[in-house]
$ cat run05.txt   # compact mmCIF, C-alpha atoms and all ligand atoms
# COMPACT_ATOMS: atom_id res chain seq x y z
CA MET A 1291 115.54 145.20 155.48
CA ALA A 1292 118.77 144.07 153.95
CA GLY A 1293 118.52 141.22 151.55
CA LEU A 1294 115.07 142.03 150.32
CA GLY A 1295 115.00 141.85 146.60
CA VAL A 1296 113.83 140.29 143.45
CA TRP A 1297 116.24 138.35 141.35
CA LEU A 1298 115.16 137.52 137.88
CA ALA A 1299 117.19 135.22 135.68
CA PHE A 1300 116.63 134.50 131.99
CA ILE A 1301 116.43 131.59 131.55
CA GLY A 1302 106.58 126.16 143.94
CA VAL A 1303 104.18 125.78 145.81
CA CYS A 1304 101.02 127.66 144.90
CA PHE A 1305 98.06 128.65 146.92
CA LEU A 1306 95.12 128.97 144.67
CA ASN A 1307 92.70 131.82 145.03
CA VAL A 1308 90.16 132.90 142.53
CA SER A 1309 90.30 136.54 141.62
CA ALA A 1310 87.14 138.07 140.32
CA LEU A 1311 88.24 137.51 136.76
CA LEU A 1312 91.63 136.04 135.90
CA GLN A 1313 92.69 133.13 138.03
CA ARG A 1314 95.23 134.18 140.60
CA LEU A 1315 98.02 131.95 141.90
CA GLU A 1316 100.01 133.05 144.87
CA HIS A 1317 103.67 132.20 145.09
CA PRO A 1318 105.43 133.03 148.32
CA VAL A 1319 108.80 134.71 148.32
CA LYS A 1320 111.75 133.29 150.25
CA ALA A 1321 112.00 133.74 153.97
CA ASP A 1322 114.42 136.64 153.42
CA GLY A 1323 111.87 138.36 151.20
CA SER A 1324 113.69 137.73 147.92
CA LEU A 1325 112.47 136.05 144.77
CA SER A 1326 114.46 134.54 141.93
CA LEU A 1327 113.23 133.16 138.67
CA VAL A 1328 114.22 132.06 135.25
CA VAL A 1329 112.41 132.74 131.97
CA ILE A 1330 112.65 130.56 128.89
CA GLY A 1331 110.66 130.29 125.68
CA ASP A 1332 110.43 128.29 122.47
CA TRP A 1333 111.98 125.13 123.78
CA GLY A 1334 110.29 121.70 123.40
CA ARG A 1335 112.32 119.75 120.86
CA LYS A 1336 113.09 116.54 122.75
CA GLY A 1337 116.51 117.85 123.62
CA THR A 1338 117.60 118.68 120.10
CA TYR A 1339 118.67 122.00 118.60
CA ASN A 1340 120.53 122.98 121.76
CA GLN A 1341 117.55 122.53 124.06
CA SER A 1342 119.56 120.21 126.31
CA GLU A 1343 122.54 122.56 126.37
CA VAL A 1344 120.37 125.50 127.38
CA SER A 1345 118.73 123.30 130.01
CA ALA A 1346 122.12 122.39 131.49
CA GLN A 1347 123.05 126.04 131.82
CA MET A 1348 119.65 126.87 133.27
CA GLY A 1349 120.30 124.25 135.91
CA ARG A 1350 123.61 125.82 136.84
CA VAL A 1351 122.27 129.37 136.93
CA GLY A 1352 119.16 128.18 138.73
CA ALA A 1353 121.29 126.65 141.45
CA LYS A 1354 123.48 129.70 141.71
CA LEU A 1355 120.49 132.00 142.21
CA ASN A 1356 118.36 129.44 144.07
CA ILE A 1357 115.40 130.18 141.85
CA ASP A 1358 111.83 130.01 143.08
CA PHE A 1359 110.12 129.24 139.79
CA VAL A 1360 110.41 129.19 136.03
CA ILE A 1361 108.34 131.11 133.50
CA SER A 1362 107.80 129.71 130.02
CA THR A 1363 106.82 132.20 127.33
CA GLY A 1364 105.26 129.48 125.15
CA ASP A 1365 105.92 127.36 122.09
CA ASN A 1366 106.37 124.67 124.67
CA PHE A 1367 106.15 121.69 122.33
CA TYR A 1368 107.31 121.70 118.71
CA ASP A 1369 106.13 121.55 116.06
CA ASP A 1370 102.47 121.01 116.79
CA GLY A 1371 101.94 121.20 120.55
CA LEU A 1372 100.79 118.08 122.35
CA SER A 1373 98.60 115.54 120.59
CA GLY A 1374 96.90 114.63 123.87
CA VAL A 1375 97.58 114.22 127.58
CA ASP A 1376 99.38 110.97 126.83
CA ASP A 1377 101.71 112.46 124.20
CA PRO A 1378 105.21 111.24 125.11
CA ALA A 1379 106.54 114.65 124.02
CA PHE A 1380 105.49 116.02 127.40
CA GLU A 1381 108.09 113.90 129.12
CA LEU A 1382 110.60 113.79 126.28
CA SER A 1383 110.67 117.57 125.86
CA PHE A 1384 110.02 118.63 129.44
CA SER A 1385 110.37 116.16 132.31
CA LYS A 1386 113.38 114.35 130.92
CA ILE A 1387 115.14 117.53 129.77
CA TYR A 1388 114.92 119.94 132.68
CA THR A 1389 116.28 117.48 135.18
CA ALA A 1390 118.59 119.72 137.20
CA LYS A 1391 117.73 119.88 140.86
CA SER A 1392 117.42 123.65 140.75
CA LEU A 1393 114.72 123.42 138.08
CA GLN A 1394 112.45 121.17 140.11
CA LYS A 1395 110.24 124.15 140.85
CA GLN A 1396 106.93 125.34 139.57
CA TRP A 1397 106.83 126.15 135.85
CA TYR A 1398 104.28 128.81 134.89
CA SER A 1399 103.59 128.57 131.17
CA VAL A 1400 101.57 130.30 128.52
CA LEU A 1401 100.70 128.88 125.12
CA GLY A 1402 102.50 129.79 121.90
CA ASN A 1403 101.27 129.54 118.33
CA HIS A 1404 102.90 126.11 117.94
CA ASP A 1405 101.02 124.91 121.01
CA TYR A 1406 97.78 125.97 119.35
CA ARG A 1407 98.51 123.56 116.51
CA GLY A 1408 98.01 120.66 118.87
CA ASP A 1409 95.44 119.68 121.45
CA VAL A 1410 95.30 122.84 123.53
CA GLU A 1411 93.03 121.41 126.20
CA ALA A 1412 95.56 118.63 126.77
CA GLN A 1413 98.35 121.09 127.48
CA LEU A 1414 96.07 122.97 129.87
CA ASN A 1415 94.86 119.80 131.57
CA THR A 1416 95.90 119.49 135.20
CA ILE A 1417 96.20 115.74 134.69
CA LEU A 1418 99.69 116.53 133.35
CA GLN A 1419 100.64 117.44 136.91
CA LYS A 1420 100.33 113.77 137.78
CA ILE A 1421 103.14 113.10 135.32
CA ASP A 1422 105.12 116.17 136.34
CA PRO A 1423 103.86 118.33 139.22
CA ARG A 1424 105.95 121.28 138.07
CA TRP A 1425 103.65 121.97 135.11
CA ILE A 1426 101.11 124.80 135.31
CA CYS A 1427 99.84 126.06 131.98
CA GLN A 1428 96.82 128.26 131.52
CA ARG A 1429 95.64 130.61 128.82
CA SER A 1430 95.67 133.79 130.94
CA PHE A 1431 96.28 134.04 134.67
CA ILE A 1432 98.12 135.90 137.41
CA VAL A 1433 101.01 134.86 139.61
CA ASP A 1434 101.15 137.09 142.63
CA THR A 1435 104.32 137.29 144.68
CA GLU A 1436 104.88 139.67 147.50
CA ILE A 1437 107.14 141.85 145.42
CA ALA A 1438 105.97 141.48 141.84
CA GLU A 1439 102.78 140.52 140.09
CA PHE A 1440 103.01 138.56 136.83
CA PHE A 1441 100.11 138.80 134.38
CA PHE A 1442 100.12 135.97 131.82
CA VAL A 1443 98.27 136.76 128.60
CA ASP A 1444 97.18 134.39 125.84
CA THR A 1445 98.46 136.26 122.78
CA THR A 1446 98.00 133.75 119.93
CA PRO A 1447 94.27 134.49 119.45
CA PHE A 1448 95.15 138.16 118.83
CA VAL A 1449 97.10 137.39 115.67
CA ASP A 1450 94.99 137.68 112.51
CA LYS A 1451 97.11 135.53 110.22
CA TYR A 1452 96.50 132.33 112.19
CA PHE A 1453 92.80 132.77 111.41
CA LEU A 1454 92.97 134.35 107.97
CA LYS A 1455 96.02 132.66 106.44
CA PRO A 1456 96.72 129.48 108.40
CA LYS A 1457 98.56 127.94 105.42
CA ASP A 1458 98.86 124.20 105.98
CA HIS A 1459 98.47 124.45 109.71
CA THR A 1460 95.44 123.59 111.75
CA TYR A 1461 94.84 125.53 114.93
CA ASP A 1462 92.76 124.33 117.83
CA TRP A 1463 90.47 127.25 118.64
CA THR A 1464 88.40 125.32 121.13
CA GLY A 1465 87.50 127.74 123.91
CA VAL A 1466 88.54 130.79 121.87
CA LEU A 1467 85.59 131.23 119.51
CA PRO A 1468 83.85 133.54 119.04
CA ARG A 1469 87.16 135.32 118.82
CA ASP A 1470 85.98 138.91 119.30
CA LYS A 1471 84.22 138.02 122.52
CA TYR A 1472 87.22 136.06 123.79
CA LEU A 1473 89.64 138.91 123.12
CA SER A 1474 87.46 141.67 124.50
CA LYS A 1475 86.84 139.72 127.72
CA LEU A 1476 90.53 138.98 128.08
CA LEU A 1477 91.50 142.64 127.61
CA LYS A 1478 88.83 143.76 130.03
CA ASP A 1479 89.85 141.20 132.66
CA LEU A 1480 93.48 142.17 132.28
CA GLU A 1481 92.74 145.86 132.54
CA ILE A 1482 90.77 145.37 135.74
CA ALA A 1483 93.50 143.19 137.25
CA LEU A 1484 96.20 145.70 136.36
CA LYS A 1485 94.19 148.58 137.77
CA ASP A 1486 93.59 146.68 141.01
CA SER A 1487 97.22 145.70 141.40
CA THR A 1488 99.24 147.36 144.10
CA ALA A 1489 102.43 145.44 143.31
CA LYS A 1490 105.64 147.39 143.02
CA TRP A 1491 106.46 145.49 139.84
CA LYS A 1492 103.82 144.77 137.23
CA ILE A 1493 105.17 142.31 134.69
CA VAL A 1494 103.12 141.05 131.76
CA VAL A 1495 104.06 137.80 130.02
CA GLY A 1496 102.84 136.66 126.60
CA HIS A 1497 104.14 134.55 123.75
CA HIS A 1498 104.17 137.10 120.96
CA PRO A 1499 106.30 140.22 121.16
CA VAL A 1500 104.78 143.65 121.31
CA ARG A 1501 108.08 145.10 120.17
CA SER A 1502 110.80 143.06 118.53
CA ILE A 1503 113.44 143.52 115.91
CA GLY A 1504 113.92 139.78 115.55
CA HIS A 1505 112.69 137.46 112.82
CA HIS A 1506 108.98 138.00 113.43
CA GLY A 1507 109.20 141.60 114.52
CA ASP A 1508 106.46 143.68 116.14
CA THR A 1509 103.01 142.22 116.56
CA GLN A 1510 100.72 144.91 115.23
CA GLU A 1511 97.61 143.43 116.83
CA LEU A 1512 99.25 143.67 120.26
CA ILE A 1513 100.48 147.20 119.62
CA ARG A 1514 96.94 148.13 118.74
CA HIS A 1515 94.98 146.31 121.43
CA LEU A 1516 97.29 145.34 124.29
CA LEU A 1517 99.94 148.04 124.51
CA PRO A 1518 97.57 150.93 125.36
CA ILE A 1519 96.28 148.96 128.36
CA LEU A 1520 99.81 148.18 129.55
CA GLU A 1521 100.87 151.80 129.20
CA ALA A 1522 97.80 153.15 130.96
CA ASN A 1523 98.35 150.87 133.95
CA ASP A 1524 102.02 151.41 134.75
CA VAL A 1525 103.30 148.05 133.57
CA ASP A 1526 107.06 147.87 134.03
CA MET A 1527 107.93 145.04 131.67
CA TYR A 1528 106.48 142.93 128.93
CA ILE A 1529 108.20 139.56 128.47
CA ASN A 1530 107.65 137.35 125.44
CA GLY A 1531 109.10 134.56 123.32
CA HIS A 1532 108.30 133.73 119.66
CA ASP A 1533 111.46 135.29 118.25
CA HIS A 1534 114.26 132.83 118.92
CA CYS A 1535 116.60 135.24 120.55
CA LEU A 1536 117.02 137.51 123.52
CA GLU A 1537 116.17 141.15 123.23
CA HIS A 1538 115.74 144.13 125.44
CA ILE A 1539 114.09 147.09 123.83
CA SER A 1540 113.29 150.36 125.48
CA SER A 1541 111.57 153.25 123.87
CA THR A 1542 111.36 156.97 124.35
CA SER A 1543 107.62 156.76 123.85
CA SER A 1544 106.84 154.11 126.46
CA GLN A 1545 107.83 153.42 130.04
CA ILE A 1546 107.67 149.67 129.41
CA GLN A 1547 110.78 147.57 128.99
CA PHE A 1548 110.24 145.00 126.25
CA LEU A 1549 112.08 141.73 126.83
CA THR A 1550 112.21 138.78 124.47
CA SER A 1551 113.22 135.41 125.87
CA GLY A 1552 112.78 132.88 123.09
CA GLY A 1553 116.16 131.19 123.13
CA GLY A 1554 115.17 127.83 124.62
CA SER A 1555 116.15 125.94 121.47
CA LYS A 1556 117.04 126.51 117.81
CA ALA A 1557 118.10 130.00 118.66
CA TRP A 1558 120.38 130.42 115.71
CA LYS A 1559 117.59 129.93 113.23
CA GLY A 1560 116.97 132.49 110.57
CA ASP A 1561 118.41 135.91 110.26
CA HIS A 1562 121.25 135.70 112.69
CA LEU A 1563 124.22 137.96 113.12
CA ILE A 1564 123.53 141.59 112.52
CA LYS A 1565 120.30 142.84 111.11
CA MET A 1566 119.02 146.34 110.82
CA GLY A 1567 115.64 146.73 112.46
CA LYS A 1568 112.83 148.80 111.08
CA MET A 1569 113.72 151.74 113.20
CA GLY A 1570 117.43 151.51 112.69
CA GLN A 1571 118.32 149.39 115.68
CA ARG A 1572 121.25 147.09 115.33
CA PHE A 1573 120.43 143.60 116.40
CA THR A 1574 122.78 140.78 117.17
CA MET A 1575 121.86 137.18 117.76
CA MET A 1576 124.09 134.56 119.24
CA ASP A 1577 123.46 130.88 119.00
CA LYS A 1578 123.78 129.83 122.62
CA TYR A 1579 122.83 132.10 125.40
CA LEU A 1580 120.96 132.73 128.52
CA GLN A 1581 119.81 136.00 129.96
CA VAL A 1582 120.16 137.06 133.55
CA TRP A 1583 118.26 139.80 135.23
CA ARG A 1584 118.68 141.10 138.72
CA PHE A 1585 116.43 143.43 140.57
CA LYS A 1586 116.63 144.88 144.02
CA LYS A 1587 113.58 146.06 145.83
CA SER A 1588 115.60 148.60 147.67
CA ILE A 1589 116.76 150.52 144.62
CA PRO A 1590 114.48 152.80 142.66
CA LYS A 1591 113.05 151.52 139.41
CA LEU A 1592 114.89 154.24 137.56
CA PHE A 1593 118.19 152.60 138.34
CA ILE A 1594 117.23 149.04 137.62
CA MET A 1595 118.17 149.16 134.00
CA ILE A 1596 121.51 150.75 134.80
CA PHE A 1597 122.19 147.87 137.09
CA LEU A 1598 121.25 145.49 134.33
CA ALA A 1599 123.44 147.30 131.89
CA LYS A 1600 126.40 146.84 134.19
CA PHE A 1601 125.63 143.22 134.73
CA CYS A 1602 125.02 142.22 131.15
CA LYS A 1603 126.54 142.87 127.80
CA LEU A 1604 124.52 145.47 126.05
CA LEU A 1605 124.39 146.64 122.52
CA ILE A 1606 123.41 150.26 122.64
CA CYS A 1607 121.13 151.11 119.78
CA PRO A 1608 119.88 154.43 118.47
CA ARG A 1609 116.35 153.88 119.73
CA GLY A 1610 116.57 151.22 122.35
CA TYR A 1611 118.98 148.50 123.13
CA VAL A 1612 119.31 144.79 122.71
CA MET A 1613 121.07 142.53 125.10
CA CYS A 1614 122.68 139.24 124.30
CA MET A 1615 124.85 137.13 126.52
CA PRO A 1616 126.50 133.85 125.61
CA TYR A 1617 125.40 131.37 128.24
CA ASN A 1618 128.87 130.03 128.81
CA SER A 1619 129.96 133.48 129.90
CA LEU A 1620 127.76 133.22 132.96
CA ILE A 1621 129.59 130.43 134.63
ZN ZN B 1701 105.88 131.26 118.36

$ encode --input "run05.txt" --output "C-alpha cells" --more "lines below"
Ligand SMILES: [Zn+2]
Amino acid sequence: MAGLGVWLAFIGVCFLNVSALLQRLEHPVKADGSLSLVVIGDWGRKGTYNQSEVSAQMGRVGAKLNIDFVISTGDNFYDDGLSGVDDPAFELSFSKIYTAKSLQKQWYSVLGNHDYRGDVEAQLNTILQKIDPRWICQRSFIVDTEIAEFFFVDTTPFVDKYFLKPKDHTYDWTGVLPRDKYLSKLLKDLEIALKDSTAKWKIVVGHHPVRSIGHHGDTQELIRHLLPILEANDVDMYINGHDHCLEHISSTSSQIQFLTSGGGSKAWKGDHLIKMGKMGQRFTMMDKYLQVWRFKKSIPKLFIMIFLAKFCKLLICPRGYVMCMPYNSLI
C-alpha cells in the first residue's frame, strides 16, 4: 500500500487498555496508515533560553508533517518540577508556549531528574488534563501504534547519585521506595512487554541516555541494567533527553540506535562546540536546532539510517555518528 509509513520528527486521542503489567495506551495511525511525531526534551523554562524559539519551529515542522503526537523525554519543568497541580509553571512552560495549531495533539511524557525535584504525583496527576488535555505523563507505560510500539521507561530511579549524593537537591521518591523492588519490577515488566511485542518498530524512551558523548555522557546504571534487556529483545531505538543536544550514536556492538533529543531549551549550555568523546567520537553541538526523522514502513530497517543520513546533516565519527541540524535549516 503506497503511502504507508512512519514519519518521526525531532522535535491524540487515546484508547486506554490495561496490559498485564505496564499501562498500554493505543494511538491510532492516520487513515492512510502513516504516523508522524515530534520528540523534544529538557524544555520547561517559561519560554526562556530559546524554549519559545524551538516551540515556534516545532509548530512549523509539526504542520508540515501533520504530526500525530509529541513525545517528551523529560525534564519537563525547570528547575524543580512542579510544586503542585496548581503550579502556574504548568501553563507558563507548557500550555502557553506550545501554542501552534499543529502541536495541539497528545503529549506523551516521561519524568526527568529535574521533575523528581518537585511534586512528582502532581505532574502525574490526570487533573492536569483539565487544564490542558494534551498532557499525559506517567512513570513507565506503552504507546502502541499500528506500526511502532513506544516503551516509556522511568530512568531517574536507576541513577545512584540522586540517592547517594543528592547535594542540595531534594528528590520526591514517593512511589519509588523501596528502590530495589521498584527497579526490578520495572525491568521485569518491560522485559515481558518487549517479549510480547509484535511491532515492527520497538522504540524505548527514557530521560537519561544509555549512550551519550554529551555533557552527562553514558549512564552506567542503564548500561548495566537496561541495555541487556533492550538488546535481547530486538529494540530498534532508544530515545532520551538529559544532555541538552541532539545525538545519534550507533555502535558495532549493538543493533540499537541511540538518539538524544534534549534540545528543548538552553541547548548551548556547557561544553559546546567540539568535544572529544570517551571513545574518540567527535561531537558538535549547535545552539538552536531541531531533529527530523523519517521512516518508511515499506523499506527495510537496514536502509532506514541511510535514508536518515541523506536527509540530515551527519557528522561521521570513528565509532558511531552524531547528527545535528540547525532548526532554521529545516524551513
Ligand atoms: Zn535531566

$ atom_distance --input "run05.txt" --atom1 "atom CA of His1317 of chain A" --atom2 "atom CA of Leu1512 of chain A"
27.7 Å

$ atom_distance --input "run05.txt" --atom1 "atom CA of Thr1550 of chain A" --atom2 "atom CA of Gly1408 of chain A"
23.7 Å

$ residues_near_ligand --input "run05.txt" --ligand "ligand ZN 1701 (chain B)" --cutoff "6 Å" --atoms "all atoms listed in the file" --output "JSON, numbers by chain"
{"A": [1365, 1402, 1403, 1404, 1532]}

$ write_last_selection --input "run05.txt" --atoms "C-alpha atoms" --output "PDB file, keeping the file's coordinate frame"
ATOM      1  CA  ASP A1365     105.920 127.360 122.090  1.00  0.00           C
ATOM      2  CA  GLY A1402     102.500 129.790 121.900  1.00  0.00           C
ATOM      3  CA  ASN A1403     101.270 129.540 118.330  1.00  0.00           C
ATOM      4  CA  HIS A1404     102.900 126.110 117.940  1.00  0.00           C
ATOM      5  CA  HIS A1532     108.300 133.730 119.660  1.00  0.00           C
TER       6      HIS A1532
END

$ atom_distance --input "run05.txt" --atom1 "atom CA of Ile1357 of chain A" --atom2 "atom CA of Glu1537 of chain A"
21.6 Å

$ closest_atom_pairs --input "run05.txt" --of "segment 1384-1436 of chain A" --to "segment 1451-1471 of chain A" --cutoff "8 Å" --atoms "all atoms listed in the file" --output "JSON lines"
{"residue": "A:Tyr1406", "atom": "CA", "partner": "A:Tyr1461", "partner_atom": "CA", "distance": 5.3}
{"residue": "A:Arg1407", "atom": "CA", "partner": "A:Tyr1461", "partner_atom": "CA", "distance": 4.5}
{"residue": "A:Gly1408", "atom": "CA", "partner": "A:Asp1462", "partner_atom": "CA", "distance": 6.5}
{"residue": "A:Asp1409", "atom": "CA", "partner": "A:Asp1462", "partner_atom": "CA", "distance": 6.5}
{"residue": "A:Val1410", "atom": "CA", "partner": "A:Asp1462", "partner_atom": "CA", "distance": 6.4}
{"residue": "A:Glu1411", "atom": "CA", "partner": "A:Thr1464", "partner_atom": "CA", "distance": 7.9}

$ residues_around --input "run05.txt" --residues "segment 1333-1344 of chain A" --least-positions-apart "6" --cutoff "6 Å" --atoms "all atoms listed in the file" --output "ChimeraX atom specification"
/A:1366-1368,1382-1383,1554-1556

$ residues_near_point --input "run05.txt" --point "(103.5, 137.8, 135.8)" --cutoff "8 Å" --atoms "all atoms listed in the file" --output "NGL selection string"
:A and (1432-1434 or 1438-1442 or 1492-1495)

$ residues_around --input "run05.txt" --residues "Gln1394 of chain A" --least-positions-apart "3" --cutoff "10 Å" --atoms "only C-alpha atoms" --output "compact mmCIF listing (two decimals) with C-alpha atoms, in the coordinates of the input"
# COMPACT_ATOMS: atom_id res chain seq x y z
CA GLY A 1302 106.58 126.16 143.94
CA GLY A 1349 120.30 124.25 135.91
CA GLY A 1352 119.16 128.18 138.73
CA ILE A 1357 115.40 130.18 141.85
CA ASP A 1358 111.83 130.01 143.08
CA PHE A 1359 110.12 129.24 139.79
CA VAL A 1360 110.41 129.19 136.03
CA SER A 1385 110.37 116.16 132.31
CA TYR A 1388 114.92 119.94 132.68
CA THR A 1389 116.28 117.48 135.18
CA ALA A 1390 118.59 119.72 137.20
CA LYS A 1391 117.73 119.88 140.86
CA TRP A 1397 106.83 126.15 135.85
CA ASP A 1422 105.12 116.17 136.34
CA PRO A 1423 103.86 118.33 139.22
CA ARG A 1424 105.95 121.28 138.07

$ residues_around --input "run05.txt" --residues "segment 1513-1515 of chain A" --least-positions-apart "6" --cutoff "10 Å" --atoms "all atoms listed in the file" --output "list of chain:residue names"
A:Phe1448, A:Leu1473, A:Ser1474, A:Leu1477, A:Pro1499, A:Val1500, A:Arg1501

$ write_last_selection --input "run05.txt" --atoms "C-alpha atoms" --output "PDB file, in the frame of the given file"
ATOM      1  CA  PHE A1448      95.150 138.160 118.830  1.00  0.00           C
ATOM      2  CA  LEU A1473      89.640 138.910 123.120  1.00  0.00           C
ATOM      3  CA  SER A1474      87.460 141.670 124.500  1.00  0.00           C
ATOM      4  CA  LEU A1477      91.500 142.640 127.610  1.00  0.00           C
ATOM      5  CA  PRO A1499     106.300 140.220 121.160  1.00  0.00           C
ATOM      6  CA  VAL A1500     104.780 143.650 121.310  1.00  0.00           C
ATOM      7  CA  ARG A1501     108.080 145.100 120.170  1.00  0.00           C
TER       8      ARG A1501
END

$ residues_near_point --input "run05.txt" --point "(110.4, 136.5, 144.5)" --cutoff "9 Å" --atoms "all atoms listed in the file" --output "PyMOL selection string"
chain A and resi 1295-1298+1317-1320+1323-1327+1357-1359+1435-1438

$ closest_atom_pairs --input "run05.txt" --of "segment 1424-1530 of chain A" --to "segment 1414-1420 of chain A" --cutoff "6 Å" --atoms "only C-alpha atoms" --output "CSV"
residue,atom,partner,partner_atom,distance
A:Trp1425,CA,A:Gln1419,CA,5.7
A:Cys1427,CA,A:Leu1414,CA,5.3
A:Gln1428,CA,A:Leu1414,CA,5.6

$ closest_residue --input "run05.txt" --among "A:Leu1517, A:Ala1379, A:Val1449, A:Ala1557" --to "Ser1544 of chain A" --atoms "all atoms listed in the file"
A:Leu1517
